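Q: So that we are looking at the same thing, I have put the structure below in structure tokens.
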Amino acid sequence: MSKTMYHELKKVSWLLCILVSTPAFANSAYEAVQQGNTLYQQEQYDGAAKHYATAAEQLPDAAEVHFNQGNAAYKQQDFAKALEHYHQALQTADPALETQTKYNLGNVKYQQALQSVAKPQEAVANLKNAMTYYRDSLDADPKHPSARYNLELAHKLIQQIQQQQQQNQNQNQEQNQDQNQQSEQAQQDRESQQNQQDRQNQEQPSESERAQQDQEDQPEQESQQDPSDQQANASQDASEESTSPPESASQELTPEEAEQLLNAIRERTRETDREREQRRRARMRATRVDKDW
């Protein structure tokens, strides 16, 4: 925010002395105000406020005393108490005092605006109140130079606060747009990854499909076996079946019959072995012929 926001206001209006017509109060009240004014000029604002309070106890309706109390509170940056005393000082019938009091009220509201600048709406409201008091002071005294200066200063400060608000809003909108774009991009990336994963899953067969494919390929492999091997396997199976003794017999064999059966089995086994050897040699010859080609 521009440094012009912190330009000093023109000082609060002059201090007032009081004139009283009652001798009983003249010395104490007058002396209290005089002592307060002396301390005020020495920038001892706390001591000055105490003397003004003493005078206010004796003259509670004296607008001049409340005016001076408001000045002391303003210098101590107790703006709430300054407002209270200045409003009491407005009860005066003196137009000049009323004009100066309104001017000082404008200064108080301006200072409160600076204190609340972190809350733009509250600061602008205080500045508008300050401008109202400055205008009222100018209405009563159009040549009041400090009131006109402070009025322009308050107006510029309102413009600066509003411009700062607009800049903050623009920045927030840009940040929100960036965040939204980032969120949308992240969502698109997630969807793209998901679609790619889905395509990969569709291209790759599942476990059950691979198992089914293996089962379908198995009969083809078996059907491609050499017919001679199939015949040999069949002969071997037949021989194995023939060599297997019957599980049960209705009658027991005589020794001669058992010997004949055993010889027949041996002969059948030898024939099977000879056939198998012949097929093996035939395959070997066929293999050698293929190699020569």
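A note on labels: chains of the structure tokens are A, B, ... as shown, every chain counts residues from 1, and ligands are counted from 1 in their shown order.
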Can you tell me, as a list in words, what residues are no more than 9 Å from segment 111-128 of chain A when counting only C-alpha atoms, ignoring any on the same chain fewer than 4 positions away?
A: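 What passes the distance filter is Met5, Tyr6, Leu9, Gln77, Phe79, Gly106, Asn107, Thr132, Tyr133, Ala154, His155, Leu157, Ile158, Ile161, Gln162 and Gln165 of chain A.
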Q: Using only C-alpha atoms, please write the residues we just selected to a file, as a tab-separated table (two decimals), in the first residue's frame.
A:
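Resulting contents of result07.tsv:
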chain	number	residue	atom	x	y	z
A	5	MET	CA	-1.61	6.47	3.47
A	6	TYR	CA	0.56	7.43	6.38
A	9	LEU	CA	-2.82	14.74	9.53
A	77	GLN	CA	-3.85	7.34	21.04
A	79	PHE	CA	-9.21	7.31	20.34
A	106	GLY	CA	-12.43	13.82	11.67
A	107	ASN	CA	-8.84	13.29	12.79
A	132	THR	CA	-18.16	13.92	6.89
A	133	TYR	CA	-16.63	15.69	9.90
A	154	ALA	CA	-8.96	10.67	3.44
A	155	HIS	CA	-10.39	10.50	-0.08
A	157	LEU	CA	-6.76	6.69	1.20
A	158	ILE	CA	-10.18	5.27	0.34
A	161	ILE	CA	-7.74	0.73	-0.10
A	162	GLN	CA	-10.25	-0.03	-2.84
A	165	GLN	CA	-8.91	-4.78	-2.55
Q: Could you give me, as an MDAnalysis selection string, the residues within 6 Å of segment 67-74 of chain A, counting only C-alpha atoms and dropping anything in the same chain fewer than 4 positions from it?
A: chainID A and resid 15 45 49 52 78:79 82 85:86 89
Q: Take the residues from that selection and put them in a file with C-alpha atoms, as a short mmCIF file (atom, residue, chain, number, x, y, z; two decimals), in the first residue's frame.
A:
data_model
loop_
_atom_site.label_atom_id
_atom_site.label_comp_id
_atom_site.auth_asym_id
_atom_site.auth_seq_id
_atom_site.Cartn_x
_atom_site.Cartn_y
_atom_site.Cartn_z
CA LEU A 15 -6.18 24.10 23.51
CA TYR A 45 -0.14 14.14 28.04
CA ALA A 49 -5.22 14.64 31.29
CA TYR A 52 -8.21 18.37 32.92
CA ASP A 78 -6.84 6.54 23.20
CA PHE A 79 -9.21 7.31 20.34
CA ALA A 82 -11.15 11.11 22.60
CA HIS A 85 -14.94 13.86 25.11
CA TYR A 86 -15.29 15.49 21.69
CA ALA A 89 -17.73 19.20 23.62
#
Q: Pick from A:Asp141, A:Asp46, A:Glu256, A:Asp178: nearest to Glu98 of chain A, with only C-alpha atoms counted?
A: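 When distances to Glu98 of chain A are compared using only C-alpha atoms, the smallest one comes from A:Asp141.
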Q: Could you pull out the alpha helix (DSSP H) residues of segment 62-138 of chain A, going by DSSP on the backbone, and write them as an NGL selection string?
A: :A and (63-75 or 79-89 or 95-115 or 120-138)
Q: Env of His51 of chain A: 8 Å cut, atoms = only C-alpha atoms, seq-sep filter 6 positions within chain, self excluded. Answer as a PyMOL selection string.
A: chain A and resi 32-33+35-36
Q: Take the residues from that selection and write them out as a compact mmCIF listing (two decimals), in the first residue's frame, keeping N, CA, C and O atoms.
A:
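The result, written out as out.txt:
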# COMPACT_ATOMS: atom_id res chain seq x y z
N ALA A 32 -6.25 24.39 37.24
CA ALA A 32 -6.13 23.01 36.75
C ALA A 32 -5.99 23.00 35.23
O ALA A 32 -5.16 22.27 34.67
N VAL A 33 -6.79 23.83 34.56
CA VAL A 33 -6.69 23.87 33.10
C VAL A 33 -5.35 24.45 32.68
O VAL A 33 -4.70 23.95 31.74
N GLN A 35 -2.50 24.42 34.31
CA GLN A 35 -1.45 23.43 34.55
C GLN A 35 -1.51 22.31 33.51
O GLN A 35 -0.48 21.82 33.03
N GLY A 36 -2.73 21.92 33.17
CA GLY A 36 -2.87 20.89 32.14
C GLY A 36 -2.34 21.34 30.80
O GLY A 36 -1.67 20.58 30.08
Q: Tell me, in Å to one decimal, how far atom CA of Ala264 of chain A is from atom CA of Arg279 of chain A.
A: 22.9 Å
